[in-house]
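As stored in final_22.tsv (TSV, C-alpha atoms):
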chain	number	residue	atom	x	y	z
A	286	MET	CA	-18.55	92.35	12.83
A	287	SER	CA	-17.60	95.78	11.65
A	288	ILE	CA	-15.53	98.56	13.25
A	289	ALA	CA	-15.02	102.10	12.01
A	290	ASP	CA	-11.86	103.66	13.43
A	291	GLY	CA	-10.00	106.63	12.01
A	292	ALA	CA	-6.68	104.86	12.50
A	293	LEU	CA	-7.91	101.94	10.37
A	294	GLY	CA	-8.84	104.32	7.58
A	295	GLY	CA	-12.52	103.47	7.62
A	296	SER	CA	-14.82	100.56	8.36
A	297	VAL	CA	-13.21	97.11	8.63
A	298	HIS	CA	-15.27	93.91	8.49
A	299	LEU	CA	-14.44	90.49	9.92
A	300	LYS	CA	-16.66	87.42	9.89
A	301	LEU	CA	-15.84	84.80	12.52
A	302	GLU	CA	-16.85	81.59	10.78
A	303	SER	CA	-14.79	79.18	12.88
A	304	LYS	CA	-13.71	78.94	16.49
A	305	ARG	CA	-10.23	80.15	15.58
A	306	THR	CA	-9.36	82.94	13.17
A	307	VAL	CA	-5.77	83.78	12.19
A	308	LEU	CA	-4.89	87.23	10.85
A	309	VAL	CA	-1.84	87.45	8.60
A	310	GLY	CA	-0.40	90.35	6.67
A	311	ARG	CA	2.59	92.60	6.26
A	312	ASN	CA	3.90	94.93	8.94
A	313	GLY	CA	1.72	98.00	9.17
A	314	ALA	CA	-1.29	96.34	7.55
A	315	GLY	CA	-3.38	96.86	10.69
A	316	LYS	CA	-3.61	93.45	12.37
A	317	SER	CA	-2.80	94.62	15.88
A	318	LEU	CA	-4.66	97.86	15.36
A	319	PHE	CA	-7.81	95.96	14.40
A	320	LEU	CA	-7.62	93.74	17.49
A	321	GLU	CA	-7.01	96.78	19.68
A	322	SER	CA	-10.00	98.55	18.13
A	323	LEU	CA	-12.19	95.48	18.60
A	324	ASN	CA	-11.21	95.26	22.26
A	325	ASP	CA	-11.79	99.00	22.77
A	326	ALA	CA	-15.17	98.88	21.00
A	327	ALA	CA	-16.35	96.11	23.31
A	328	ASN	CA	-15.10	98.08	26.31
A	329	LEU	CA	-16.93	101.18	25.12
A	330	ALA	CA	-20.17	99.25	24.66
A	331	VAL	CA	-20.21	97.90	28.22
A	332	ARG	CA	-18.48	101.00	29.63
A	333	ARG	CA	-15.63	98.96	31.05
A	334	ALA	CA	-13.44	101.78	29.76
A	335	PHE	CA	-14.40	105.20	28.45
A	336	ARG	CA	-11.63	107.10	26.73
A	337	ARG	CA	-12.80	110.19	24.90
A	338	HIS	CA	-9.81	110.23	22.56
A	339	LEU	CA	-10.64	106.85	21.00
A	340	GLY	CA	-11.06	107.10	17.25
A	341	ILE	CA	-13.83	104.49	17.10
A	342	THR	CA	-16.96	105.96	15.52
A	343	SER	CA	-19.08	102.84	14.99
A	344	PHE	CA	-19.25	99.16	15.81
A	345	SER	CA	-21.65	96.39	14.86
A	346	CYS	CA	-21.72	92.66	15.42
A	347	GLU	CA	-24.03	89.73	14.83
A	348	ILE	CA	-24.53	87.22	17.61
A	349	GLN	CA	-26.07	83.79	17.18
A	350	CYS	CA	-27.80	82.80	20.40
A	351	GLY	CA	-29.76	79.58	20.04
A	352	PRO	CA	-32.57	80.20	17.55
A	353	GLN	CA	-32.07	83.97	17.77
A	354	HIS	CA	-29.81	85.94	15.48
A	355	LEU	CA	-29.07	89.33	17.02
A	356	ASN	CA	-27.52	92.43	15.53
A	357	TYR	CA	-26.02	94.94	17.96
A	358	SER	CA	-24.53	98.25	16.86
A	359	PHE	CA	-23.54	101.66	18.13
A	360	GLU	CA	-22.39	104.91	16.59
A	361	ARG	CA	-20.65	107.76	18.36
A	362	ALA	CA	-19.75	111.25	17.22
A	363	SER	CA	-18.07	114.16	18.94
A	364	ARG	CA	-19.31	117.73	18.90
A	365	ASN	CA	-18.88	120.95	20.80
A	366	ALA	CA	-21.49	121.56	23.46
A	367	SER	CA	-22.40	124.66	25.37
A	368	VAL	CA	-22.26	124.79	29.14
A	369	GLU	CA	-26.03	125.30	29.19
A	370	GLU	CA	-26.56	122.12	27.18
A	371	ASP	CA	-24.13	119.98	29.16
A	372	PRO	CA	-22.64	121.58	32.30
A	373	SER	CA	-20.25	118.65	32.78
A	374	SER	CA	-18.58	119.38	29.44
A	375	GLN	CA	-17.56	122.90	30.55
A	376	GLY	CA	-18.31	124.03	27.02
A	377	GLY	CA	-15.99	121.43	25.46
A	378	VAL	CA	-16.40	118.26	23.41
A	379	VAL	CA	-19.18	115.78	24.16
A	380	TRP	CA	-20.01	112.46	22.53
A	381	ASP	CA	-23.39	111.59	21.09
A	382	TRP	CA	-24.24	107.89	21.29
A	383	THR	CA	-26.72	105.95	19.14
A	384	GLU	CA	-27.34	102.27	19.84
A	385	ARG	CA	-29.55	99.55	18.38
A	386	CYS	CA	-30.15	95.87	18.98
A	387	THR	CA	-32.39	93.98	16.57
A	388	ASP	CA	-33.54	90.40	16.32
A	389	LEU	CA	-32.67	89.52	12.71
A	390	SER	CA	-35.16	86.66	12.74
A	391	ALA	CA	-37.81	89.37	13.12
A	392	PRO	CA	-36.22	92.46	11.54
A	393	GLN	CA	-38.95	94.81	12.71
A	394	ASP	CA	-38.33	93.81	16.32
A	395	VAL	CA	-35.98	96.43	17.79
A	396	LEU	CA	-35.16	95.05	21.22
A	397	TRP	CA	-33.81	98.38	22.44
A	398	ARG	CA	-32.40	101.60	21.11
A	399	VAL	CA	-30.60	104.67	22.42
A	400	ASP	CA	-30.96	108.13	20.88
A	401	ASN	CA	-29.84	111.48	22.29
A	402	GLY	CA	-29.24	110.13	25.77
A	403	VAL	CA	-32.59	108.33	26.01
A	404	ALA	CA	-32.91	104.54	25.91
A	405	THR	CA	-36.14	102.89	24.83
A	406	VAL	CA	-36.60	99.31	26.01
A	407	GLY	CA	-39.78	97.35	26.54
A	408	GLY	CA	-41.89	100.42	25.82
A	409	GLN	CA	-40.19	102.37	28.61
A	410	GLU	CA	-37.78	105.27	28.35
A	411	ILE	CA	-34.63	105.58	30.47
A	412	LYS	CA	-32.59	108.76	30.73
A	413	LEU	CA	-28.88	107.99	30.28
A	414	GLU	CA	-25.68	109.89	30.81
A	415	GLN	CA	-24.46	111.62	27.66
A	416	GLY	CA	-22.29	109.41	25.46
A	417	VAL	CA	-23.07	105.98	26.90
A	418	GLY	CA	-25.28	103.10	25.83
A	419	LEU	CA	-27.70	100.84	27.62
A	420	LEU	CA	-25.17	98.01	27.97
A	421	GLY	CA	-23.06	100.25	30.20
A	422	VAL	CA	-25.70	101.02	32.83
A	423	ALA	CA	-27.82	99.09	35.31
A	424	PRO	CA	-31.50	99.96	34.73
A	425	ALA	CA	-33.81	100.30	37.71
A	426	ALA	CA	-35.50	97.16	38.98
A	427	SER	CA	-38.83	98.44	37.66
A	428	VAL	CA	-37.55	98.34	34.07
A	429	HIS	CA	-38.03	95.09	32.19
A	430	VAL	CA	-34.66	94.13	30.73
A	431	PRO	CA	-34.82	91.73	27.78
A	432	THR	CA	-32.77	88.57	28.08
A	433	GLU	CA	-30.99	89.52	24.86
A	434	LEU	CA	-29.50	92.60	26.52
A	435	LEU	CA	-27.94	90.45	29.22
A	436	ILE	CA	-26.55	88.09	26.57
A	437	VAL	CA	-24.97	90.88	24.49
A	438	ARG	CA	-23.59	92.55	27.61
A	439	GLU	CA	-22.03	89.31	28.80
A	440	ILE	CA	-20.40	88.54	25.43
A	441	LEU	CA	-18.98	92.02	24.83
A	442	GLY	CA	-18.00	92.31	28.48
A	443	ARG	CA	-15.90	89.18	28.17
A	444	VAL	CA	-13.66	90.15	25.27
A	445	ARG	CA	-10.05	89.73	26.39
A	446	ARG	CA	-6.92	90.84	24.55
A	447	VAL	CA	-3.34	89.70	25.00
A	448	SER	CA	-1.17	92.49	23.61
A	449	ALA	CA	1.86	91.93	21.42
A	450	GLY	CA	5.32	91.82	22.94
A	451	VAL	CA	6.56	90.39	26.20
A	452	PRO	CA	4.76	91.19	29.46
A	453	ARG	CA	7.87	92.65	31.10
A	454	ARG	CA	8.39	96.31	30.24
A	455	SER	CA	11.10	97.30	32.72
A	456	GLU	CA	14.72	97.11	31.60
A	457	SER	CA	15.82	94.70	34.32
A	458	ARG	CA	14.27	91.79	36.15
A	459	THR	CA	13.03	92.50	39.65
A	460	GLU	CA	11.38	90.27	42.21
A	461	LEU	CA	7.62	90.65	42.34
A	462	PHE	CA	5.65	91.01	45.56
A	463	LEU	CA	1.92	91.66	45.76
A	464	MET	CA	0.01	93.05	48.71
A	465	ARG	CA	-3.54	93.32	49.99
A	466	GLU	CA	-5.32	94.68	53.00
A	467	PRO	CA	-5.80	91.89	55.57
A	468	ASN	CA	-9.60	92.16	55.41
A	469	ASN	CA	-9.82	92.16	51.59
A	470	ARG	CA	-9.24	88.59	50.52
A	471	ASN	CA	-9.11	88.88	46.72
A	472	LEU	CA	-7.78	92.36	45.98
A	473	TRP	CA	-4.05	91.94	45.37
A	474	PHE	CA	-2.07	94.98	44.24
A	475	PRO	CA	1.61	95.78	43.58
A	476	PRO	CA	3.63	97.93	46.00
A	477	HIS	CA	3.93	100.67	43.37
A	478	ALA	CA	0.89	101.69	41.34
A	479	HIS	CA	1.13	102.13	37.56
A	480	GLY	CA	4.39	100.20	37.29
A	481	PRO	CA	5.78	99.19	33.90
A	482	ASP	CA	5.25	95.47	34.51
A	483	TYR	CA	1.49	95.62	35.01
A	484	ARG	CA	0.96	92.65	32.67
A	485	VAL	CA	3.24	90.46	34.79
A	486	GLU	CA	1.43	91.67	37.90
A	487	PHE	CA	-1.96	90.87	36.36
A	488	VAL	CA	-0.94	87.25	35.76
A	489	ALA	CA	0.48	86.91	39.27
A	490	ARG	CA	-2.68	88.43	40.79
A	491	SER	CA	-4.83	85.95	38.89
A	492	ILE	CA	-2.74	82.98	40.02
A	493	LEU	CA	-2.77	84.04	43.68
A	494	THR	CA	-6.53	84.63	43.58
A	495	TRP	CA	-7.18	81.22	42.03
A	496	PHE	CA	-4.88	79.58	44.57
A	497	GLU	CA	-6.95	80.92	47.46
A	498	SER	CA	-10.47	81.12	46.02
A	499	ASP	CA	-10.68	78.76	43.04
A	500	ARG	CA	-8.35	75.84	43.61
A	501	GLU	CA	-9.78	73.87	40.69
A	502	ARG	CA	-8.82	76.66	38.28
A	503	PHE	CA	-5.39	77.00	39.89
A	504	ASP	CA	-4.80	73.27	39.47
A	505	GLU	CA	-5.87	73.50	35.82
A	506	TYR	CA	-3.44	76.36	35.22
A	507	ASP	CA	-0.64	74.57	37.08
A	508	ALA	CA	-1.22	71.41	35.05
A	509	LEU	CA	-1.09	73.38	31.78
A	510	GLY	CA	2.25	74.91	32.73
A	511	ARG	CA	3.71	71.54	33.67
A	512	ARG	CA	2.39	69.97	30.46
A	513	LEU	CA	4.13	72.66	28.43
A	514	GLY	CA	7.34	72.28	30.44
A	515	LEU	CA	7.19	75.82	31.85
A	516	TRP	CA	7.67	74.61	35.40
A	517	LYS	CA	7.80	71.60	37.66
A	518	LYS	CA	6.45	73.42	40.69
A	519	LEU	CA	4.33	76.58	40.81
A	520	GLN	CA	4.37	77.79	44.40
A	521	PRO	CA	2.19	80.66	45.69
A	522	THR	CA	2.93	81.85	49.22
A	523	VAL	CA	0.83	84.22	51.33
A	524	LEU	CA	2.47	85.88	54.34
A	525	PRO	CA	-0.22	87.31	56.66
A	526	LYS	CA	0.34	90.86	57.90
A	527	ALA	CA	3.92	91.11	56.71
A	528	VAL	CA	5.80	94.07	55.24
A	529	ALA	CA	6.74	93.72	51.57
A	530	PRO	CA	10.21	94.84	50.51
A	531	SER	CA	10.46	98.30	48.91
A	532	THR	CA	6.95	99.34	49.90
A	533	PRO	CA	6.23	103.09	50.04
A	534	ASP	CA	5.05	102.76	53.62
A	535	ALA	CA	5.67	100.34	56.44
A	536	ALA	CA	2.05	99.29	56.88
A	537	ALA	CA	1.56	95.61	57.67
A	538	ARG	CA	-0.42	93.92	54.90
A	539	ASP	CA	-0.75	90.42	53.55
A	540	VAL	CA	2.10	89.78	51.12
A	541	GLY	CA	1.78	87.40	48.18
A	542	ILE	CA	4.83	85.79	46.59
A	543	LEU	CA	4.78	83.55	43.54
A	544	SER	CA	7.72	81.34	42.64
A	545	VAL	CA	8.37	78.96	39.77
A	546	ASP	CA	10.85	76.22	40.60
A	547	LYS	CA	12.20	78.46	43.38
A	548	VAL	CA	12.58	81.47	41.04
A	549	ASN	CA	10.51	84.58	41.80
A	550	PHE	CA	7.80	85.07	39.17
A	551	GLY	CA	9.08	88.54	38.30
A	552	CYS	CA	12.51	87.14	37.41
A	553	LEU	CA	11.37	84.55	34.88
A	554	SER	CA	12.48	84.69	31.26
A	555	ASP	CA	10.52	86.74	28.75
A	556	GLY	CA	9.37	83.62	26.90
A	557	THR	CA	8.14	81.91	30.07
A	558	LEU	CA	6.23	85.03	31.12
A	559	ARG	CA	4.71	85.34	27.65
A	560	ALA	CA	3.49	81.73	27.70
A	561	ALA	CA	2.26	82.11	31.29
A	562	GLU	CA	0.28	85.21	30.28
A	563	ILE	CA	-1.44	83.45	27.39
A	564	LEU	CA	-2.26	80.42	29.56
A	565	ALA	CA	-3.78	82.70	32.21
A	566	VAL	CA	-6.16	84.20	29.64
A	567	LEU	CA	-7.09	80.73	28.35
A	568	VAL	CA	-7.90	79.48	31.85
A	569	SER	CA	-9.69	82.65	32.97
A	570	PRO	CA	-13.48	82.25	33.14
A	571	THR	CA	-14.00	85.83	31.95
A	572	GLY	CA	-12.99	85.33	28.31
A	573	ARG	CA	-15.59	84.56	25.62
A	574	LEU	CA	-13.67	86.11	22.73
A	575	LEU	CA	-9.87	85.98	23.07
A	576	LEU	CA	-7.68	88.29	20.99
A	577	ILE	CA	-4.05	87.13	21.00
A	578	GLU	CA	-1.43	89.23	19.24
A	579	GLU	CA	1.68	87.48	17.93
A	580	PRO	CA	1.81	84.50	20.33
A	581	GLU	CA	5.20	83.55	18.87
A	582	THR	CA	7.01	86.47	20.53
A	583	SER	CA	10.05	85.26	22.55
A	584	ILE	CA	8.80	81.67	22.53
A	585	HIS	CA	10.88	78.70	21.37
A	586	PRO	CA	9.35	76.93	18.32
A	587	GLY	CA	8.93	73.68	20.24
A	588	LEU	CA	7.09	75.43	23.07
A	589	LEU	CA	5.07	77.44	20.55
A	590	ARG	CA	3.67	74.29	18.97
A	591	LYS	CA	2.58	72.98	22.38
A	592	LEU	CA	1.08	76.36	23.28
A	593	LEU	CA	-0.88	76.51	20.02
A	594	ASN	CA	-2.27	73.04	20.70
A	595	GLU	CA	-3.61	74.32	24.02
A	596	VAL	CA	-5.08	77.39	22.30
A	597	ASP	CA	-6.80	75.02	19.87
A	598	SER	CA	-8.28	72.92	22.67
A	599	TYR	CA	-9.63	75.98	24.48
A	600	SER	CA	-11.07	77.41	21.25
A	601	LEU	CA	-13.65	74.63	21.43
A	602	GLN	CA	-15.21	76.57	24.33
A	603	ARG	CA	-14.79	80.12	22.99
A	604	GLN	CA	-13.67	82.03	19.93
A	605	VAL	CA	-10.04	82.97	19.46
A	606	VAL	CA	-8.58	85.51	17.04
A	607	VAL	CA	-4.80	85.40	16.59
A	608	SER	CA	-2.53	87.77	14.66
A	609	THR	CA	0.86	86.48	13.60
A	610	HIS	CA	4.01	86.81	11.51
A	611	SER	CA	5.03	83.22	12.20
A	612	PRO	CA	4.99	80.45	9.56
A	613	ASP	CA	4.73	77.95	12.45
A	614	VAL	CA	1.48	79.53	13.67
A	615	VAL	CA	0.05	79.57	10.16
A	616	SER	CA	1.12	75.97	9.51
A	617	GLN	CA	-0.90	74.83	12.52
A	618	SER	CA	-3.97	76.55	11.11
A	619	LYS	CA	-6.52	75.48	8.52
A	620	PRO	CA	-6.80	77.45	5.26
A	621	ASP	CA	-10.38	78.50	6.05
A	622	GLU	CA	-9.20	80.00	9.36
A	623	LEU	CA	-6.85	82.45	7.64
A	624	ARG	CA	-7.73	86.07	7.01
A	625	LEU	CA	-5.53	88.34	4.92
A	626	VAL	CA	-5.04	91.84	6.30
A	627	ARG	CA	-4.00	94.49	3.80
A	628	ARG	CA	-3.60	98.24	3.88
A	629	VAL	CA	-4.01	100.06	0.58
A	630	ASN	CA	-4.20	103.85	0.32
A	631	ASN	CA	-4.16	104.02	4.14
A	632	ILE	CA	-7.26	101.83	4.40
A	633	THR	CA	-7.14	98.47	6.20
A	634	SER	CA	-9.20	95.54	4.92
A	635	ILE	CA	-9.60	91.89	5.93
A	636	ALA	CA	-10.45	89.15	3.45
A	637	THR	CA	-10.50	85.37	3.07
A	638	LEU	CA	-8.33	83.54	0.55
A	639	SER	CA	-9.60	83.98	-2.99
A	640	PRO	CA	-10.39	80.93	-5.17
A	641	GLU	CA	-7.16	81.55	-7.10
A	642	GLN	CA	-5.16	81.65	-3.87
A	643	PHE	CA	-6.79	78.43	-2.69
A	644	THR	CA	-5.78	76.78	-5.98
A	645	ARG	CA	-2.18	77.96	-5.64
A	646	LEU	CA	-2.17	76.78	-2.02
A	647	LYS	CA	-3.43	73.31	-2.96
A	648	ASP	CA	-0.72	72.95	-5.60
A	649	TYR	CA	1.93	74.18	-3.16
A	650	LEU	CA	0.91	71.67	-0.49
A	651	CYS	CA	0.94	68.86	-3.03
A	652	ASP	CA	4.63	69.65	-3.56
A	653	ASP	CA	5.29	69.00	0.16
A	654	GLY	CA	5.31	72.67	1.14
A	655	THR	CA	3.70	73.92	4.33
A	656	LEU	CA	0.91	76.41	4.75
A	657	GLY	CA	3.21	78.76	6.64
A	658	GLU	CA	5.83	78.67	3.88
A	659	PHE	CA	3.15	79.39	1.28
A	660	MET	CA	1.77	82.39	3.15
A	661	PHE	CA	5.13	84.00	3.81
A	662	SER	CA	6.86	83.22	0.51
A	663	GLY	CA	4.63	85.41	-1.63
A	664	GLY	CA	1.92	82.84	-2.27
A	665	ILE	CA	-0.80	85.29	-1.26
A	666	ASP	CA	0.53	88.19	-3.29
A	667	ASP	CA	-1.70	89.20	-6.17

Please lay out the structure from this file as structure tokens.
Amino acid sequence: MSIADGALGGSVHLKLESKRTVLVGRNGAGKSLFLESLNDAANLAVRRAFRRHLGITSFSCEIQCGPQHLNYSFERASRNASVEEDPSSQGGVVWDWTERCTDLSAPQDVLWRVDNGVATVGGQEIKLEQGVGLLGVAPAASVHVPTELLIVREILGRVRRVSAGVPRRSESRTELFLMREPNNRNLWFPPHAHGPDYRVEFVARSILTWFESDRERFDEYDALGRRLGLWKKLQPTVLPKAVAPSTPDAAARDVGILSVDKVNFGCLSDGTLRAAEILAVLVSPTGRLLLIEEPETSIHPGLLRKLLNEVDSYSLQRQVVVSTHSPDVVSQSKPDELRLVRRVNNITSIATLSPEQFTRLKDYLCDDGTLGEFMFSGGIDD
């Protein structure tokens, strides 16, 4: 895959050759920025998010689907538009969107394309909103949609990123309560919108939803936490038509409370919340490509090793890309899973180990060193 983002300094390429890929490099090389750009590019493609200020100008990826080898790409560029041309722009900036999907096994076979707000698919033309692609809309029932479009949409729509740092952003621990309208079974929300601990709330919402609607997934998540020693008892509680503490109004709603060994979920340690967040993404059915930034943050080395083993087991079902500064994470990886991220002259690049680096690594391991020690002791420096 390839992403062009102004913040990355140009186009950055990454080939996912194994189920797990580990990005290593110095601070400021662009590891987290690349994962963020990859997540944003997927969101732009399926229109799960549309932020005009994003610096992404192009994205392309190859997808192997059975005997088919697909290439999907888009390009976007901003320009000033007149009110007559685009009344919604109010004479400001608009985005032009170009999109292609080709079957590489038959290079002349363009499955669909988008140019100047018009999509061509199956010999039919569809007028689109300015600045969006075909993956982000639902064509009319009369339009024949190729199966490949549904495949690409599903894959890019199921990219999930776990950001760096701990989920808790507030300065102090506070008990977490979630609410929902009594007639809306699955839509849990916090008492205060746009709070700083939205990542903690997301995990708690997922757990409560699984507990009520997908007990098999809840049991899987609970078993993972117990296996890692995060808890002995994970206890969701739903209080029908109650009033949550500190709510802006006194309306009676269902209140959801999540406790871990009798401790409110919002009051758990940073390391426990971090591990719980990563486990929630692993268990979630919506992730096909998981992007995990610095899983070692706030996690004890012993717990980290167990957590990485679970990441490995789940990577058999999906692809996982991890960025790290931890020798322990690298040591639990294979040499061919490593990708070196460098930034030279303000341009980020990603590369595999060179033959010379592989030779130095082999010699280092023969002397009873570890892969992590090799990577972070200057073994990869040219």

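Reported to one decimal place, the separation of atom CA of Arg332 of chain A from atom CA of Ala292 of chain A is 21.2 Å.
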
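Of the listed residues (A:Leu509, A:Thr383, A:Ala561, A:Ile436), A:Ile436 comes nearest to Gly351 of chain A; the distances count only C-alpha atoms.
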
Non-local contacts of Arg559 of chain A (9 Å; all atoms listed in the file; under 3 positions in same chain excluded) as number ranges by chain: A: 450-453, 485, 554-556, 562-564, 580-584

Could you state the separation of atom CA of Glu360 of chain A and atom CA of Gly416 of chain A in Å, given to one decimal place? 9.9 Å

Taking only residues of segment 396-458 of chain A that have an atom at most 12 Å from an atom of segment 600-616 of chain A, what is each one's shortest atom pair and its distance in Å to one decimal, using only C-alpha atoms, in chain and number order, as CSV?
residue,atom,partner,partner_atom,distance
A:Ile440,CA,A:Arg603,CA,10.4
A:Arg443,CA,A:Arg603,CA,10.5
A:Val444,CA,A:Gln604,CA,9.7
A:Arg445,CA,A:Val605,CA,9.7
A:Arg446,CA,A:Val606,CA,9.4
A:Val447,CA,A:Val607,CA,9.6
A:Ser448,CA,A:Ser608,CA,10.2
A:Ala449,CA,A:Ser608,CA,9.1
A:Gly450,CA,A:Thr609,CA,11.6

Just the residues within 7 Å of Leu524 of chain A, please, counting all atoms listed in the file, with nothing from its chain fewer than 2 positions along; format it as a PyMOL selection string. chain A and resi 522+526-527+539-541

Just want the 9 Å neighbourhood of Leu593 of chain A, counted on all atoms listed in the file, with same-chain residues fewer than 4 positions away dropped. Output as a ChimeraX atom specification. /A:580,588-589,597-598,614,617

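In this model, the gap between atom CA of Phe344 of chain A and atom CA of Asp325 of chain A comes to 10.2 Å.
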
Nearest candidate to Asp388 of chain A (options A:Ile348, A:Leu646, A:Ala330, A:Ala560; using all atoms listed in the file): A:Ile348

Selection: 12 Å around Lys619 of chain A, all atoms listed in the file, excl. self and same-chain fewer than 5 positions, as number ranges by chain: A: 303-307, 597, 614, 624, 637-638, 643, 646, 655-657

Give me the residues near segment 489-498 of chain A as a PyMOL selection string, where near means some atom within 8 Å (using only C-alpha atoms) and where sequence neighbours in that chain fewer than 6 positions away do not count. chain A and resi 463+471+473-474+521+541+543+550+565

Can you build me a table of segment 510-582 of chain A residues sitting at most 12 Å from segment 308-315 of chain A, with the closest atom pair per residue and its distance in Å to one decimal, using all atoms listed in the file, sorted by chain and residue number, as a Markdown table?
| residue | atom | partner | partner_atom | distance |
| --- | --- | --- | --- | --- |
| A:Leu576 | CA | A:Leu308 | CA | 10.6 |
| A:Ile577 | CA | A:Leu308 | CA | 10.2 |
| A:Glu578 | CA | A:Leu308 | CA | 9.3 |
| A:Glu579 | CA | A:Leu308 | CA | 9.7 |
| A:Pro580 | CA | A:Leu308 | CA | 11.9 |

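Taking only C-alpha atoms into account, Cys350 of chain A lies nearest to A:Leu435 out of the set A:Ala423, A:Val395, A:Val297, A:Leu435.
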
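Using all atoms listed in the file for every distance, the candidate list A:Ser618, A:Ser287, A:Ser639, A:Gln353 yields A:Ser287 as the residue closest to Ala326 of chain A.
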
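Closest to Gly442 of chain A among A:Ala508, A:Ala362, A:Leu413, A:Leu575 is A:Leu575, based on only C-alpha atoms.
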
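A distance cut-off of 10 Å around (-8.2, 99.4, 3.9), counting all atoms listed in the file, selects these protein and nucleic acid residues: A:Leu293, A:Gly294, A:Gly295, A:Ser296, A:Val297, A:Ala314, A:Gly315, A:Val626, A:Arg627, A:Arg628, A:Val629, A:Asn630, A:Asn631, A:Ile632, A:Thr633, A:Ser634, A:Ile635.
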
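Candidate residues A:Val437, A:Val378, A:Ser322, A:Ser390 were compared for distance to Ser358 of chain A, and the nearest is A:Val437, using only C-alpha atoms.
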